[in-house]
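A.B. asks: Handing over structure-v9.cif, mmCIF, C-alpha atoms.
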```
data_data
#
loop_
_atom_site.label_atom_id
_atom_site.label_comp_id
_atom_site.auth_asym_id
_atom_site.auth_seq_id
_atom_site.Cartn_x
_atom_site.Cartn_y
_atom_site.Cartn_z
CA GLU L 717 -43.80 0.38 0.64
CA THR L 718 -45.47 3.17 -1.32
CA GLY L 719 -42.34 5.26 -0.61
CA VAL L 720 -40.42 3.46 -3.37
CA THR L 721 -42.24 1.89 -6.27
CA GLN L 722 -40.90 -0.39 -8.98
CA THR L 723 -42.40 -1.48 -12.28
CA PRO L 724 -42.87 -4.01 -13.62
CA ARG L 725 -43.04 -6.44 -10.69
CA HIS L 726 -42.35 -9.41 -12.93
CA LEU L 727 -40.55 -9.57 -16.26
CA VAL L 728 -39.74 -12.46 -18.56
CA MET L 729 -37.45 -11.67 -21.45
CA GLY L 730 -35.46 -13.49 -24.05
CA MET L 731 -31.75 -13.03 -24.38
CA THR L 732 -32.11 -10.78 -27.43
CA ASN L 733 -34.77 -8.48 -25.98
CA LYS L 734 -34.39 -4.95 -24.70
CA LYS L 735 -36.41 -3.90 -21.67
CA SER L 736 -36.26 -1.32 -18.91
CA LEU L 737 -36.96 -1.41 -15.20
CA LYS L 738 -38.37 1.69 -13.57
CA CYS L 739 -38.05 2.95 -10.00
CA GLU L 740 -39.64 5.99 -8.41
CA GLN L 741 -39.20 7.32 -4.90
CA HIS L 742 -41.63 9.67 -3.16
CA LEU L 743 -39.48 10.35 -0.09
CA GLY L 744 -37.57 13.43 -1.20
CA HIS L 745 -34.29 11.53 -1.12
CA ASN L 746 -31.17 12.45 -3.07
CA ALA L 747 -29.57 9.05 -3.55
CA MET L 748 -30.84 6.02 -5.43
CA TYR L 749 -29.43 2.52 -5.80
CA TRP L 750 -29.82 -0.63 -7.87
CA TYR L 751 -29.17 -4.01 -6.22
CA LYS L 752 -29.29 -7.56 -7.55
CA GLN L 753 -30.63 -10.20 -5.16
CA SER L 754 -29.95 -13.85 -5.98
CA ALA L 755 -30.78 -16.80 -3.77
CA LYS L 756 -28.22 -17.59 -1.05
CA LYS L 757 -25.96 -14.68 -2.07
CA PRO L 758 -25.49 -11.28 -0.45
CA LEU L 759 -27.21 -8.34 -2.04
CA GLU L 760 -24.99 -7.10 -4.85
CA LEU L 761 -24.75 -3.35 -5.20
CA MET L 762 -24.85 -2.45 -8.89
CA PHE L 763 -25.13 1.32 -9.21
CA VAL L 764 -25.37 4.37 -6.98
CA TYR L 765 -26.61 7.81 -7.92
CA ASN L 766 -26.12 10.73 -5.56
CA PHE L 767 -27.79 14.02 -6.52
CA LYS L 768 -28.33 12.56 -10.01
CA GLU L 769 -24.63 11.80 -10.51
CA GLN L 770 -23.48 8.22 -10.85
CA THR L 771 -20.97 7.61 -8.07
CA GLU L 772 -20.61 3.85 -8.17
CA ASN L 773 -20.55 1.23 -10.88
CA ASN L 774 -19.70 -1.98 -9.12
CA SER L 775 -18.10 -3.75 -12.11
CA VAL L 776 -21.47 -4.35 -13.69
CA PRO L 777 -21.53 -5.75 -17.25
CA SER L 778 -22.41 -3.24 -19.93
CA ARG L 779 -25.61 -5.13 -20.79
CA PHE L 780 -27.01 -3.26 -17.75
CA SER L 781 -27.27 0.47 -18.29
CA PRO L 782 -28.63 2.82 -15.59
CA GLU L 783 -30.27 6.17 -16.10
CA CYS L 784 -31.22 8.75 -13.49
CA PRO L 785 -33.05 11.71 -15.08
CA ASN L 786 -33.84 13.31 -11.71
CA SER L 787 -33.58 12.52 -8.01
CA SER L 788 -36.96 10.78 -7.97
CA HIS L 789 -36.58 8.41 -10.91
CA LEU L 790 -34.15 5.64 -11.72
CA PHE L 791 -34.13 3.26 -14.67
CA LEU L 792 -32.21 0.12 -15.47
CA HIS L 793 -32.01 -0.60 -19.18
CA LEU L 794 -31.45 -4.23 -20.08
CA HIS L 795 -30.21 -5.74 -23.35
CA THR L 796 -28.80 -9.08 -24.49
CA LEU L 797 -29.03 -10.54 -21.01
CA GLN L 798 -27.85 -13.97 -19.96
CA PRO L 799 -29.81 -16.62 -18.03
CA GLU L 800 -27.57 -15.99 -14.99
CA ASP L 801 -28.97 -12.47 -14.86
CA SER L 802 -32.27 -13.88 -13.65
CA ALA L 803 -32.78 -12.46 -10.16
CA LEU L 804 -34.76 -10.00 -8.08
CA TYR L 805 -33.69 -6.44 -8.88
CA LEU L 806 -34.20 -4.04 -6.02
CA CYS L 807 -34.23 -0.29 -6.12
CA ALA L 808 -33.52 1.73 -2.98
CA SER L 809 -33.21 5.35 -1.95
CA SER L 810 -31.66 7.22 0.96
CA GLN L 811 -31.30 10.79 2.16
CA GLU L 812 -27.97 10.93 0.38
CA ALA L 813 -25.00 8.69 -0.29
CA GLY L 814 -21.37 9.10 0.67
CA GLN L 815 -21.82 9.61 4.39
CA GLY L 816 -22.71 6.01 5.12
CA VAL L 817 -25.11 6.92 7.93
CA TYR L 818 -28.43 6.93 6.16
CA GLU L 819 -30.72 3.94 6.05
CA GLN L 820 -32.07 2.85 2.71
CA TYR L 821 -35.69 2.42 1.71
CA PHE L 822 -36.34 -0.37 -0.76
CA GLY L 823 -38.94 -0.97 -3.39
CA PRO L 824 -40.66 -4.36 -3.73
CA GLY L 825 -38.36 -5.41 -6.56
CA THR L 826 -38.70 -6.69 -10.12
CA ARG L 827 -38.46 -10.45 -10.52
CA LEU L 828 -36.56 -10.91 -13.78
CA THR L 829 -36.42 -14.19 -15.65
CA VAL L 830 -34.18 -14.47 -18.71
CA THR L 831 -35.06 -17.34 -21.03
CA ALA G 352 -12.38 -3.86 2.87
CA GLN G 353 -15.79 -4.17 4.46
CA SER G 354 -17.52 -7.47 5.11
CA VAL G 355 -20.45 -8.84 7.03
CA ALA G 356 -21.06 -12.38 8.22
CA GLN G 357 -24.34 -13.88 9.28
CA PRO G 358 -23.24 -17.31 10.46
CA GLU G 359 -26.70 -18.90 10.63
CA ASP G 360 -28.76 -19.56 7.52
CA GLN G 361 -31.81 -20.24 9.64
CA VAL G 362 -32.89 -19.68 13.23
CA ASN G 363 -35.89 -21.42 14.73
CA VAL G 364 -37.50 -20.15 17.91
CA ALA G 365 -40.76 -20.85 19.71
CA GLU G 366 -43.31 -18.07 19.93
CA GLY G 367 -42.89 -16.11 23.14
CA ASN G 368 -39.22 -17.03 23.52
CA PRO G 369 -36.40 -14.53 23.09
CA LEU G 370 -34.69 -14.48 19.71
CA THR G 371 -31.19 -13.59 18.58
CA VAL G 372 -29.96 -13.24 15.01
CA LYS G 373 -26.19 -12.95 14.80
CA CYS G 374 -24.05 -10.58 12.78
CA THR G 375 -20.32 -9.92 12.78
CA TYR G 376 -18.53 -7.35 10.67
CA SER G 377 -15.16 -6.24 9.46
CA VAL G 378 -14.49 -2.64 8.47
CA SER G 379 -11.62 -0.20 8.71
CA GLY G 380 -12.52 2.76 10.84
CA ASN G 381 -15.78 3.26 12.67
CA PRO G 382 -18.62 1.07 11.42
CA TYR G 383 -22.17 2.08 10.74
CA LEU G 384 -24.41 -0.95 11.19
CA PHE G 385 -27.93 -1.67 10.01
CA TRP G 386 -30.57 -4.38 10.26
CA TYR G 387 -33.25 -4.93 7.63
CA VAL G 388 -36.11 -7.42 7.33
CA GLN G 389 -37.56 -8.88 4.16
CA TYR G 390 -40.98 -10.50 3.98
CA PRO G 391 -41.92 -12.71 1.00
CA ASN G 392 -42.35 -10.82 -2.27
CA ARG G 393 -41.37 -7.56 -0.62
CA GLY G 394 -38.33 -5.32 -0.55
CA LEU G 395 -36.14 -4.87 2.50
CA GLN G 396 -37.50 -2.81 5.38
CA PHE G 397 -35.24 -0.86 7.70
CA LEU G 398 -35.38 -1.97 11.37
CA LEU G 399 -32.62 -0.09 13.18
CA LYS G 400 -29.11 1.29 12.92
CA TYR G 401 -26.06 2.04 15.01
CA ILE G 402 -24.05 5.12 14.12
CA THR G 403 -22.55 6.26 17.40
CA GLY G 404 -23.46 6.59 21.06
CA ASP G 405 -25.31 4.04 23.18
CA ASN G 406 -24.34 0.50 22.27
CA LEU G 407 -27.92 -0.73 22.67
CA VAL G 408 -30.10 0.43 19.82
CA LYS G 409 -33.88 0.10 19.80
CA GLY G 410 -35.81 -0.16 16.56
CA SER G 411 -39.12 -1.03 14.98
CA TYR G 412 -41.48 -3.82 16.08
CA GLY G 413 -39.77 -4.31 19.45
CA PHE G 414 -36.40 -5.26 17.98
CA GLU G 415 -33.11 -4.11 19.44
CA ALA G 416 -29.44 -4.70 18.68
CA GLU G 417 -26.26 -4.43 20.68
CA PHE G 418 -23.06 -3.05 19.20
CA ASN G 419 -20.01 -4.82 20.61
CA LYS G 420 -16.81 -3.26 19.36
CA SER G 421 -14.42 -5.76 20.92
CA GLN G 422 -16.27 -8.71 19.38
CA THR G 423 -17.10 -6.79 16.16
CA SER G 424 -20.68 -7.93 16.48
CA PHE G 425 -24.12 -6.40 16.10
CA HIS G 426 -26.63 -9.08 17.05
CA LEU G 427 -30.35 -8.49 16.61
CA LYS G 428 -32.59 -9.38 19.54
CA LYS G 429 -36.20 -9.41 20.63
CA PRO G 430 -37.40 -10.41 24.09
CA SER G 431 -40.51 -12.27 22.92
CA ALA G 432 -40.85 -13.62 19.38
CA LEU G 433 -44.07 -13.49 17.38
CA VAL G 434 -45.06 -15.79 14.52
CA SER G 435 -45.33 -12.66 12.38
CA ASP G 436 -41.60 -12.04 12.92
CA SER G 437 -40.87 -14.96 10.60
CA ALA G 438 -38.92 -13.45 7.70
CA LEU G 439 -35.45 -13.01 6.21
CA TYR G 440 -33.15 -10.70 8.18
CA PHE G 441 -30.15 -8.87 6.74
CA CYS G 442 -27.30 -7.16 8.51
CA ALA G 443 -25.39 -4.43 6.66
CA VAL G 444 -22.31 -2.31 7.30
CA SER G 445 -20.98 0.93 5.90
CA ARG G 446 -18.58 3.61 7.04
CA SER G 447 -18.01 7.30 6.66
CA GLY G 448 -16.96 8.41 3.21
CA THR G 449 -18.28 5.44 1.29
CA TYR G 450 -21.17 4.94 -1.07
CA LYS G 451 -21.19 1.21 -0.39
CA TYR G 452 -23.39 -0.70 2.00
CA ILE G 453 -22.25 -4.31 2.37
CA PHE G 454 -24.99 -6.78 3.18
CA GLY G 455 -24.78 -10.22 4.72
CA THR G 456 -26.29 -13.30 3.12
CA GLY G 457 -29.35 -13.14 5.34
CA THR G 458 -30.75 -15.30 8.14
CA ARG G 459 -34.17 -16.86 7.86
CA LEU G 460 -36.04 -16.59 11.13
CA LYS G 461 -38.82 -19.07 11.74
CA VAL G 462 -41.02 -18.52 14.77
CA LEU G 463 -43.02 -21.61 15.64
CA ALA G 464 -46.47 -21.37 17.20
#
```
Please re-express this file's structure in C-alpha coordinates.
C.D. replies:
Amino acid sequence: ETGVTQTPRHLVMGMTNKKSLKCEQHLGHNAMYWYKQSAKKPLELMFVYNFKEQTENNSVPSRFSPECPNSSHLFLHLHTLQPEDSALYLCASSQEAGQGVYEQYFGPGTRLTVT
Amino acid sequence: AQSVAQPEDQVNVAEGNPLTVKCTYSVSGNPYLFWYVQYPNRGLQFLLKYITGDNLVKGSYGFEAEFNKSQTSFHLKKPSALVSDSALYFCAVSRSGTYKYIFGTGTRLKVLA
(Lines of atoms letter the chains of each structure in order from A and count residues from 1; the text may use other names and numbers.)
(Lines give C-alpha, C1' and ligand atoms only; values in the text may rest on other atoms or scores of the structure.)
Protein backbone atom coordinates (compact mmCIF):
# COMPACT_ATOMS: atom_id res chain seq x y z
CA GLU A 1 0.00 0.00 0.00
CA THR A 2 2.93 2.40 0.07
CA GLY A 3 2.28 2.98 -3.66
CA VAL A 4 -0.62 5.32 -2.87
CA THR A 5 -0.75 7.19 0.39
CA GLN A 6 -3.57 9.23 1.88
CA THR A 7 -3.62 11.69 4.75
CA PRO A 8 -5.21 12.04 7.16
CA ARG A 9 -6.50 8.52 7.80
CA HIS A 10 -9.31 9.78 9.99
CA LEU A 11 -11.03 13.16 10.03
CA VAL A 12 -13.87 14.52 12.11
CA MET A 13 -15.22 17.88 11.05
CA GLY A 14 -18.17 20.09 11.74
CA MET A 15 -20.49 21.22 9.02
CA THR A 16 -18.96 24.70 8.91
CA ASN A 17 -15.32 23.60 8.77
CA LYS A 18 -12.97 23.60 5.82
CA LYS A 19 -10.50 20.74 5.47
CA SER A 20 -8.51 19.02 2.76
CA LEU A 21 -7.70 15.41 2.00
CA LYS A 22 -4.36 14.62 0.43
CA CYS A 23 -3.33 11.76 -1.84
CA GLU A 24 0.10 10.96 -3.25
CA GLN A 25 1.08 8.19 -5.63
CA HIS A 26 4.62 6.88 -6.06
CA LEU A 27 3.90 4.63 -9.05
CA GLY A 28 4.62 6.99 -11.93
CA HIS A 29 0.98 6.90 -13.00
CA ASN A 30 -0.76 9.58 -15.05
CA ALA A 31 -4.34 9.23 -13.82
CA MET A 32 -5.77 9.79 -10.36
CA TYR A 33 -9.26 9.28 -8.98
CA TRP A 34 -11.42 10.14 -5.98
CA TYR A 35 -14.08 7.65 -4.86
CA LYS A 36 -16.63 7.73 -2.05
CA GLN A 37 -17.30 4.43 -0.29
CA SER A 38 -20.43 4.15 1.85
CA ALA A 39 -21.70 1.01 3.52
CA LYS A 40 -23.77 -1.30 1.30
CA LYS A 41 -23.41 0.98 -1.74
CA PRO A 42 -21.19 0.63 -4.79
CA LEU A 43 -18.08 2.73 -4.92
CA GLU A 44 -19.05 6.14 -6.25
CA LEU A 45 -16.62 7.70 -8.68
CA MET A 46 -16.30 11.40 -7.88
CA PHE A 47 -13.48 12.85 -9.98
CA VAL A 48 -10.94 11.70 -12.53
CA TYR A 49 -7.73 13.45 -13.53
CA ASN A 50 -5.79 12.26 -16.56
CA PHE A 51 -2.40 13.90 -17.16
CA LYS A 52 -3.41 16.59 -14.64
CA GLU A 53 -6.58 17.48 -16.53
CA GLN A 54 -9.95 16.86 -14.92
CA THR A 55 -11.86 14.55 -17.23
CA GLU A 56 -14.77 13.51 -15.05
CA ASN A 57 -16.94 15.21 -12.48
CA ASN A 58 -19.61 12.70 -11.64
CA SER A 59 -22.29 15.22 -10.57
CA VAL A 60 -20.50 15.88 -7.31
CA PRO A 61 -21.82 18.74 -5.14
CA SER A 62 -19.71 21.88 -5.19
CA ARG A 63 -18.87 21.49 -1.49
CA PHE A 64 -16.27 19.00 -2.78
CA SER A 65 -13.50 20.64 -4.78
CA PRO A 66 -10.62 18.63 -6.29
CA GLU A 67 -7.16 19.88 -7.10
CA CYS A 68 -4.41 18.09 -9.01
CA PRO A 69 -1.21 20.17 -9.08
CA ASN A 70 0.83 17.40 -10.73
CA SER A 71 0.47 13.76 -11.70
CA SER A 72 1.62 12.56 -8.29
CA HIS A 73 -0.62 14.61 -6.01
CA LEU A 74 -4.35 14.93 -5.64
CA PHE A 75 -6.35 16.91 -3.11
CA LEU A 76 -9.99 17.01 -2.14
CA HIS A 77 -11.02 20.27 -0.52
CA LEU A 78 -14.06 20.06 1.71
CA HIS A 79 -16.33 22.85 2.97
CA THR A 80 -19.79 23.11 4.52
CA LEU A 81 -20.29 19.36 4.38
CA GLN A 82 -23.44 17.51 5.39
CA PRO A 83 -23.72 14.52 7.74
CA GLU A 84 -24.54 12.29 4.73
CA ASP A 85 -21.06 13.04 3.41
CA SER A 86 -19.62 10.87 6.15
CA ALA A 87 -17.90 7.98 4.37
CA LEU A 88 -14.56 6.46 3.44
CA TYR A 89 -12.88 8.52 0.72
CA LEU A 90 -10.55 6.53 -1.45
CA CYS A 91 -7.89 7.81 -3.78
CA ALA A 92 -6.65 5.66 -6.66
CA SER A 93 -4.21 5.91 -9.53
CA SER A 94 -3.69 4.08 -12.81
CA GLN A 95 -1.31 4.16 -15.74
CA GLU A 96 -3.73 6.46 -17.49
CA ALA A 97 -7.47 6.91 -17.88
CA GLY A 98 -9.63 6.81 -20.97
CA GLN A 99 -8.57 3.42 -22.29
CA GLY A 100 -10.41 1.45 -19.65
CA VAL A 101 -7.79 -1.32 -19.57
CA TYR A 102 -5.62 -0.27 -16.67
CA GLU A 103 -6.13 -1.53 -13.15
CA GLN A 104 -6.29 0.98 -10.35
CA TYR A 105 -4.15 1.12 -7.25
CA PHE A 106 -5.92 2.41 -4.16
CA GLY A 107 -4.78 4.20 -1.06
CA PRO A 108 -5.99 3.13 2.39
CA GLY A 109 -8.64 5.85 2.47
CA THR A 110 -9.67 8.69 4.76
CA ARG A 111 -12.53 7.91 7.13
CA LEU A 112 -14.51 11.15 7.26
CA THR A 113 -17.12 11.87 9.91
CA VAL A 114 -19.20 15.04 9.62
CA THR A 115 -20.85 16.12 12.86
CA ALA B 1 -24.84 2.28 -19.69
CA GLN B 2 -22.49 0.08 -17.71
CA SER B 3 -23.54 -1.88 -14.65
CA VAL B 4 -22.24 -4.64 -12.43
CA ALA B 5 -24.19 -6.98 -10.18
CA GLN B 6 -22.83 -9.04 -7.34
CA PRO B 7 -25.89 -11.03 -6.33
CA GLU B 8 -24.56 -12.32 -3.00
CA ASP B 9 -23.90 -10.01 -0.08
CA GLN B 10 -22.01 -12.75 1.71
CA VAL B 11 -20.49 -16.10 0.83
CA ASN B 12 -19.45 -18.60 3.48
CA VAL B 13 -17.10 -21.45 2.66
CA ALA B 14 -15.11 -23.94 4.71
CA GLU B 15 -11.34 -23.73 4.63
CA GLY B 16 -9.93 -26.01 1.96
CA ASN B 17 -13.11 -26.00 -0.11
CA PRO B 18 -13.38 -24.29 -3.48
CA LEU B 19 -14.90 -20.82 -3.51
CA THR B 20 -16.85 -18.84 -6.08
CA VAL B 21 -17.84 -15.19 -5.90
CA LYS B 22 -20.30 -14.22 -8.60
CA CYS B 23 -20.35 -11.19 -10.88
CA THR B 24 -22.50 -10.31 -13.86
CA TYR B 25 -22.17 -7.21 -15.98
CA SER B 26 -23.88 -5.11 -18.58
CA VAL B 27 -21.92 -2.93 -20.99
CA SER B 28 -22.20 -1.86 -24.58
CA GLY B 29 -19.26 -3.06 -26.60
CA ASN B 30 -16.43 -5.20 -25.31
CA PRO B 31 -16.10 -5.24 -21.53
CA TYR B 32 -12.97 -4.94 -19.49
CA LEU B 33 -13.48 -6.73 -16.19
CA PHE B 34 -11.63 -6.49 -12.89
CA TRP B 35 -11.65 -8.06 -9.44
CA TYR B 36 -10.43 -6.28 -6.33
CA VAL B 37 -10.20 -7.31 -2.68
CA GLN B 38 -10.54 -5.08 0.36
CA TYR B 39 -9.29 -6.05 3.81
CA PRO B 40 -10.50 -4.16 6.90
CA ASN B 41 -9.21 -0.59 7.14
CA ARG B 42 -7.42 -0.91 3.82
CA GLY B 43 -7.98 0.28 0.29
CA LEU B 44 -8.89 -2.01 -2.58
CA GLN B 45 -6.18 -4.28 -3.96
CA PHE B 46 -6.16 -5.42 -7.57
CA LEU B 47 -6.47 -9.20 -8.06
CA LEU B 48 -6.90 -9.79 -11.79
CA LYS B 49 -8.43 -8.48 -14.99
CA TYR B 50 -9.82 -9.63 -18.29
CA ILE B 51 -9.16 -7.46 -21.32
CA THR B 52 -9.07 -9.88 -24.23
CA GLY B 53 -7.83 -13.35 -25.10
CA ASP B 54 -8.10 -16.46 -22.95
CA ASN B 55 -11.37 -16.56 -21.04
CA LEU B 56 -9.67 -17.98 -17.94
CA VAL B 57 -7.62 -15.35 -16.18
CA LYS B 58 -5.20 -16.12 -13.36
CA GLY B 59 -4.35 -13.54 -10.73
CA SER B 60 -2.80 -12.95 -7.35
CA TYR B 61 -2.99 -15.29 -4.34
CA GLY B 62 -4.20 -18.27 -6.39
CA PHE B 63 -7.39 -16.59 -7.59
CA GLU B 64 -8.74 -16.98 -11.09
CA ALA B 65 -11.81 -15.80 -12.97
CA GLU B 66 -13.65 -16.99 -16.03
CA PHE B 67 -15.08 -14.60 -18.59
CA ASN B 68 -18.33 -15.92 -20.05
CA LYS B 69 -19.61 -13.68 -22.81
CA SER B 70 -22.89 -15.50 -23.41
CA GLN B 71 -23.81 -15.33 -19.73
CA THR B 72 -22.21 -11.88 -19.25
CA SER B 73 -20.46 -13.19 -16.17
CA PHE B 74 -17.01 -12.97 -14.64
CA HIS B 75 -17.04 -15.17 -11.55
CA LEU B 76 -14.05 -15.24 -9.21
CA LYS B 77 -12.81 -18.66 -8.13
CA LYS B 78 -10.18 -20.34 -6.01
CA PRO B 79 -9.67 -24.10 -5.77
CA SER B 80 -8.92 -24.16 -2.03
CA ALA B 81 -9.99 -21.35 0.29
CA LEU B 82 -7.85 -20.03 3.13
CA VAL B 83 -9.06 -18.28 6.28
CA SER B 84 -6.89 -15.35 5.23
CA ASP B 85 -9.02 -14.98 2.07
CA SER B 86 -11.83 -13.61 4.24
CA ALA B 87 -12.43 -10.08 2.96
CA LEU B 88 -14.71 -7.93 0.82
CA TYR B 89 -14.51 -8.61 -2.92
CA PHE B 90 -15.48 -6.14 -5.64
CA CYS B 91 -16.09 -6.73 -9.31
CA ALA B 92 -15.70 -3.79 -11.71
CA VAL B 93 -16.31 -3.16 -15.40
CA SER B 94 -15.11 -0.59 -17.88
CA ARG B 95 -14.79 -0.36 -21.64
CA SER B 96 -12.64 1.27 -24.24
CA GLY B 97 -12.95 5.03 -24.46
CA THR B 98 -14.32 5.63 -20.99
CA TYR B 99 -12.87 7.15 -17.85
CA LYS B 100 -15.41 5.32 -15.71
CA TYR B 101 -14.97 2.09 -13.82
CA ILE B 102 -18.27 0.81 -12.44
CA PHE B 103 -18.00 -1.23 -9.27
CA GLY B 104 -20.41 -3.72 -7.77
CA THR B 105 -21.68 -3.47 -4.21
CA GLY B 106 -19.19 -6.05 -2.99
CA THR B 107 -19.44 -9.59 -1.63
CA ARG B 108 -18.15 -10.45 1.80
CA LEU B 109 -16.32 -13.75 1.78
CA LYS B 110 -16.05 -15.60 5.05
CA VAL B 111 -13.80 -18.65 5.15
CA LEU B 112 -14.48 -20.81 8.19
CA ALA B 113 -11.72 -22.81 9.85
A.B. asks: Give the answer as one residue: which of G:Leu370, G:Val378, G:Ala365, G:Leu395 has the shortest atom-to-atom distance to Pro430 (chain G), using only C-alpha atoms?
C.D. replies: G:Leu370
A.B. asks: So what do you get for CA of Thr826 (chain L) versus CA of Tyr401 (chain G), distance-wise?
C.D. replies: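 One can read the CA of Thr826 (chain L) to CA of Tyr401 (chain G) distance as 29.5 Å.
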A.B. asks: Using only C-alpha atoms, give me every residue within 12 Å of (-18.4, 1.3, 12.0) in file coordinates, as an mmCIF file with C-alpha atoms, in the coordinates of the input.
C.D. replies:
```
data_model
loop_
_atom_site.group_PDB
_atom_site.id
_atom_site.type_symbol
_atom_site.label_atom_id
_atom_site.label_comp_id
_atom_site.auth_asym_id
_atom_site.auth_seq_id
_atom_site.Cartn_x
_atom_site.Cartn_y
_atom_site.Cartn_z
ATOM 1 C CA GLN L 815 -21.820 9.610 4.390
ATOM 2 C CA GLY L 816 -22.710 6.010 5.120
ATOM 3 C CA VAL L 817 -25.110 6.920 7.930
ATOM 4 C CA GLN G 353 -15.790 -4.170 4.460
ATOM 5 C CA SER G 354 -17.520 -7.470 5.110
ATOM 6 C CA VAL G 355 -20.450 -8.840 7.030
ATOM 7 C CA THR G 375 -20.320 -9.920 12.780
ATOM 8 C CA TYR G 376 -18.530 -7.350 10.670
ATOM 9 C CA SER G 377 -15.160 -6.240 9.460
ATOM 10 C CA VAL G 378 -14.490 -2.640 8.470
ATOM 11 C CA SER G 379 -11.620 -0.200 8.710
ATOM 12 C CA GLY G 380 -12.520 2.760 10.840
ATOM 13 C CA ASN G 381 -15.780 3.260 12.670
ATOM 14 C CA PRO G 382 -18.620 1.070 11.420
ATOM 15 C CA TYR G 383 -22.170 2.080 10.740
ATOM 16 C CA LEU G 384 -24.410 -0.950 11.190
ATOM 17 C CA PHE G 385 -27.930 -1.670 10.010
ATOM 18 C CA LYS G 400 -29.110 1.290 12.920
ATOM 19 C CA TYR G 401 -26.060 2.040 15.010
ATOM 20 C CA ILE G 402 -24.050 5.120 14.120
ATOM 21 C CA THR G 403 -22.550 6.260 17.400
ATOM 22 C CA GLY G 404 -23.460 6.590 21.060
ATOM 23 C CA ASN G 406 -24.340 0.500 22.270
ATOM 24 C CA PHE G 418 -23.060 -3.050 19.200
ATOM 25 C CA ASN G 419 -20.010 -4.820 20.610
ATOM 26 C CA LYS G 420 -16.810 -3.260 19.360
ATOM 27 C CA THR G 423 -17.100 -6.790 16.160
ATOM 28 C CA SER G 424 -20.680 -7.930 16.480
ATOM 29 C CA PHE G 425 -24.120 -6.400 16.100
ATOM 30 C CA ALA G 443 -25.390 -4.430 6.660
ATOM 31 C CA VAL G 444 -22.310 -2.310 7.300
ATOM 32 C CA SER G 445 -20.980 0.930 5.900
ATOM 33 C CA ARG G 446 -18.580 3.610 7.040
ATOM 34 C CA SER G 447 -18.010 7.300 6.660
ATOM 35 C CA GLY G 448 -16.960 8.410 3.210
ATOM 36 C CA THR G 449 -18.280 5.440 1.290
ATOM 37 C CA TYR G 452 -23.390 -0.700 2.000
ATOM 38 C CA ILE G 453 -22.250 -4.310 2.370
#
```
A.B. asks: Starting from the PyMOL selection byres ((chain L) within 7 of (chain G)), expand the selection into actual residues of this file and give them as an NGL selection string.
C.D. replies: :L and (756-759 or 806 or 813-817 or 819-825)
A.B. asks: Using the chain letters and numbering of this document, enumerate as a PyMOL selection string the residues selected by the PyMOL selection byres ((chain G and resi 432-439) around 6).
C.D. replies: chain G and resi 366-369+388-390+431+440+458-462
A.B. asks: Using only C-alpha atoms, determine which residues lie at most 7 Å from Ala803 (chain L), disregarding the query and same-chain residues fewer than 5 positions distant; provide the list as a short mmCIF file (atom, residue, chain, number, x, y, z; two decimals) with C-alpha atoms, in the frame of the given file.
C.D. replies:
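See selection_11.cif below for the written result:
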```cif
data_model
loop_
_atom_site.label_atom_id
_atom_site.label_comp_id
_atom_site.auth_asym_id
_atom_site.auth_seq_id
_atom_site.Cartn_x
_atom_site.Cartn_y
_atom_site.Cartn_z
CA LYS L 752 -29.29 -7.56 -7.55
CA GLN L 753 -30.63 -10.20 -5.16
CA SER L 754 -29.95 -13.85 -5.98
CA ARG L 827 -38.46 -10.45 -10.52
CA LEU L 828 -36.56 -10.91 -13.78
CA THR L 829 -36.42 -14.19 -15.65
#
```
A.B. asks: List the neighbours of Ala747 (chain L) out to 8 Å using all atoms listed in the file; skip same-chain residues closer than 6 positions along the sequence, and give me the result as a list in words.
C.D. replies: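 Those residues are Val764, Tyr765, Asn766, Phe767, Lys768, Ser787, Ser809, Ser810, Gln811, Glu812 and Ala813 of chain L.
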A.B. asks: Could you tell me which residues the PyMOL selection byres ((chain L and resi 720-724) around 6) grabs in this file, written as a short mmCIF file (atom, residue, chain, number, x, y, z; two decimals) with C-alpha atoms, in the coordinates of the input?
C.D. replies:
```cif
data_model
loop_
_atom_site.label_atom_id
_atom_site.label_comp_id
_atom_site.auth_asym_id
_atom_site.auth_seq_id
_atom_site.Cartn_x
_atom_site.Cartn_y
_atom_site.Cartn_z
CA THR L 718 -45.47 3.17 -1.32
CA GLY L 719 -42.34 5.26 -0.61
CA ARG L 725 -43.04 -6.44 -10.69
CA HIS L 726 -42.35 -9.41 -12.93
CA LYS L 738 -38.37 1.69 -13.57
CA CYS L 739 -38.05 2.95 -10.00
CA GLU L 740 -39.64 5.99 -8.41
CA GLN L 741 -39.20 7.32 -4.90
CA GLY L 823 -38.94 -0.97 -3.39
#
```
A.B. asks: One decimal, Å: what's the distance from CA of Gln798 (chain L) over to CA of Val830 (chain L), could you say?
C.D. replies: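 Answer for the CA of Gln798 (chain L) to CA of Val830 (chain L) separation: 6.5 Å.
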